[in-house]
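This report concerns only the one structure given below.
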Amino acid sequence: MKRFIITAIAVLTAAIAVNAQNTEWCDKYIDNMEKLQGLKQPKDCGIQAIDNAVATSKEIADITAKTSPLVKVLYLSDCGLTVQGINDDITSMSTLPDIATVSKDIFELADKIKVLSESMKNIEDAAKSAKPMQALKATACVKYITDVLSVTVSDSALNVGLINELTQKSE
């Protein structure tokens with residue numbers, strides 16, 4: 001998976017040189033994927049609500065890492081850019097059914113974010129009743145959750161915008 005993301009980043013970097021109008025969102029995407037790759041899931045802290053939220057955050061990060069490169073490759077290939085080094089079945093995506101497939105993953109991501117936001121309500125109460133060592137471990141967990149959300153929410157908004165633009169072109 002890392003090799004796929006690194007390849008996608010290399011392709012996007014090359015696309016930046018070819019198509020200057022895409023520079024802004026490509027730079028943001030590359031930054032987001034680098035941040036996402038740098039995040040390490042912390043060990044369980046022993047507080048069930050927080051541990052569940054960390055697990056959901058990991059699922060969110062995994063879906064983002066899977067979906068975002070596909071959306072960007074789909075967008076670039078639709079713009080007529082050559083995407084070297086990426087699987088041919090990905091580079092040929094440009095129809096509404098292809099967009100729908102990727103969009104389904106984005107909706108799955110939105111559902112996971114909703115689950116996480118609902119579980120966040122319980123975290124404050126759970127953290128108040130934690131033992132000092134649990135609270136210390138919980139701090140790393142909450143930072144991980146926050147870091148995942150800052151990257152995935154930003155990248156999801158970008159994905160939705162690109163999919164929307166592709167959908168309008170395909171109509």
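Quick note on naming: the chains in the structure tokens go A, B, ... in the order shown, residues restart at 1 in each chain, and ligands are numbered from 1 in order of appearance.
With only C-alpha atoms taken into account, the protein and nucleic acid residues at most 9 Å from Lys58 of chain A (excluding it and anything under 4 positions from it in its own chain) are A:Gln41, A:Ala53, A:Val54, A:Asp62, A:Ile63, A:Ile145, A:Val148.
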Save out the residues we just selected, N, CA, C and O atoms, as a CSV table (one decimal), in the first residue's frame.
```csv
chain,number,residue,atom,x,y,z
A,41,GLN,N,-0.4,4.5,14.9
A,41,GLN,CA,-1.5,4.2,15.9
A,41,GLN,C,-1.0,3.9,17.2
A,41,GLN,O,-0.1,3.0,17.4
A,53,ALA,N,-12.4,4.8,19.7
A,53,ALA,CA,-12.3,5.9,18.8
A,53,ALA,C,-11.0,5.8,18.0
A,53,ALA,O,-10.9,6.2,16.8
A,54,VAL,N,-9.9,5.3,18.7
A,54,VAL,CA,-8.6,5.2,18.0
A,54,VAL,C,-8.8,4.1,16.8
A,54,VAL,O,-8.3,4.3,15.7
A,62,ASP,N,-7.2,4.4,6.9
A,62,ASP,CA,-7.0,3.4,5.9
A,62,ASP,C,-7.9,3.6,4.7
A,62,ASP,O,-7.4,3.5,3.6
A,63,ILE,N,-9.1,4.0,4.9
A,63,ILE,CA,-10.0,4.3,3.8
A,63,ILE,C,-9.5,5.5,3.0
A,63,ILE,O,-9.5,5.5,1.8
A,145,ILE,N,-6.2,10.7,17.2
A,145,ILE,CA,-7.5,10.9,16.7
A,145,ILE,C,-7.6,12.3,16.0
A,145,ILE,O,-8.1,12.4,14.9
A,148,VAL,N,-5.5,12.4,12.7
A,148,VAL,CA,-6.2,11.7,11.7
A,148,VAL,C,-7.3,12.5,11.1
A,148,VAL,O,-7.4,12.7,9.9
```
Check: Counting only C-alpha atoms, what is within 8 Å of Ala65 of chain A, bar same-chain residues fewer than 4 positions away, as a list in words?
Finding: Ile5, Met33, Leu36, Ala61 and Pro69 of chain A
Would you put the residues from that selection into a file with C-alpha atoms, as a PDB file, in the first residue's frame?
```
ATOM      1  CA  ILE A   5       0.823   5.822  -2.328  1.00  0.00           C
ATOM      2  CA  MET A  33      -0.687  11.724   2.288  1.00  0.00           C
ATOM      3  CA  LEU A  36      -1.187  10.287   7.003  1.00  0.00           C
ATOM      4  CA  ALA A  61      -7.021   6.678   7.844  1.00  0.00           C
ATOM      5  CA  PRO A  69      -4.935   8.280  -4.595  1.00  0.00           C
TER       6      PRO A  69
END
```
- Task: Write out as a VMD selection string each polymer residue whose atoms come within 7 Å of segment 126-136 of chain A, counting only C-alpha atoms; drop sequence neighbours fewer than 6 positions from it.
- Result: chain A and resid 45 to 47 49
- Write out as a PyMOL selection string each polymer residue whose atoms come within 9 Å of Glu108 of chain A, counting only C-alpha atoms; drop sequence neighbours fewer than 5 positions from it. chain A and resi 60+63+103+113
Restricting to only C-alpha atoms, whichever of A:Asn32, A:Gln37, A:Asn52, A:Gln168 is closest to Ser119 of chain A is A:Asn52
* To do: Identify, on the basis of only C-alpha atoms, every residue whose closest approach to Lys35 of chain A does not exceed 8 Å; exclude the query and any residue fewer than 4 positions from it along the same chain; express the result as a ChimeraX atom specification.
  => /A:31,39,151
Counting only C-alpha atoms, closest pick from A:Thr167, A:Asn159, A:Ser77, A:Ser117 relative to Thr146 of chain A is A:Ser117
If you count only C-alpha atoms, the residue of A:Leu74, A:Leu116, A:Ala110, A:Ala100 closest to Thr56 of chain A turns out to be A:Leu116
Quick check for you: according to DSSP on this backbone, which residues of segment 20-49 of chain A are classed as helix (DSSP H, G or I)? Reply as a VMD selection string.
chain A and resid 20 to 38 48 to 49
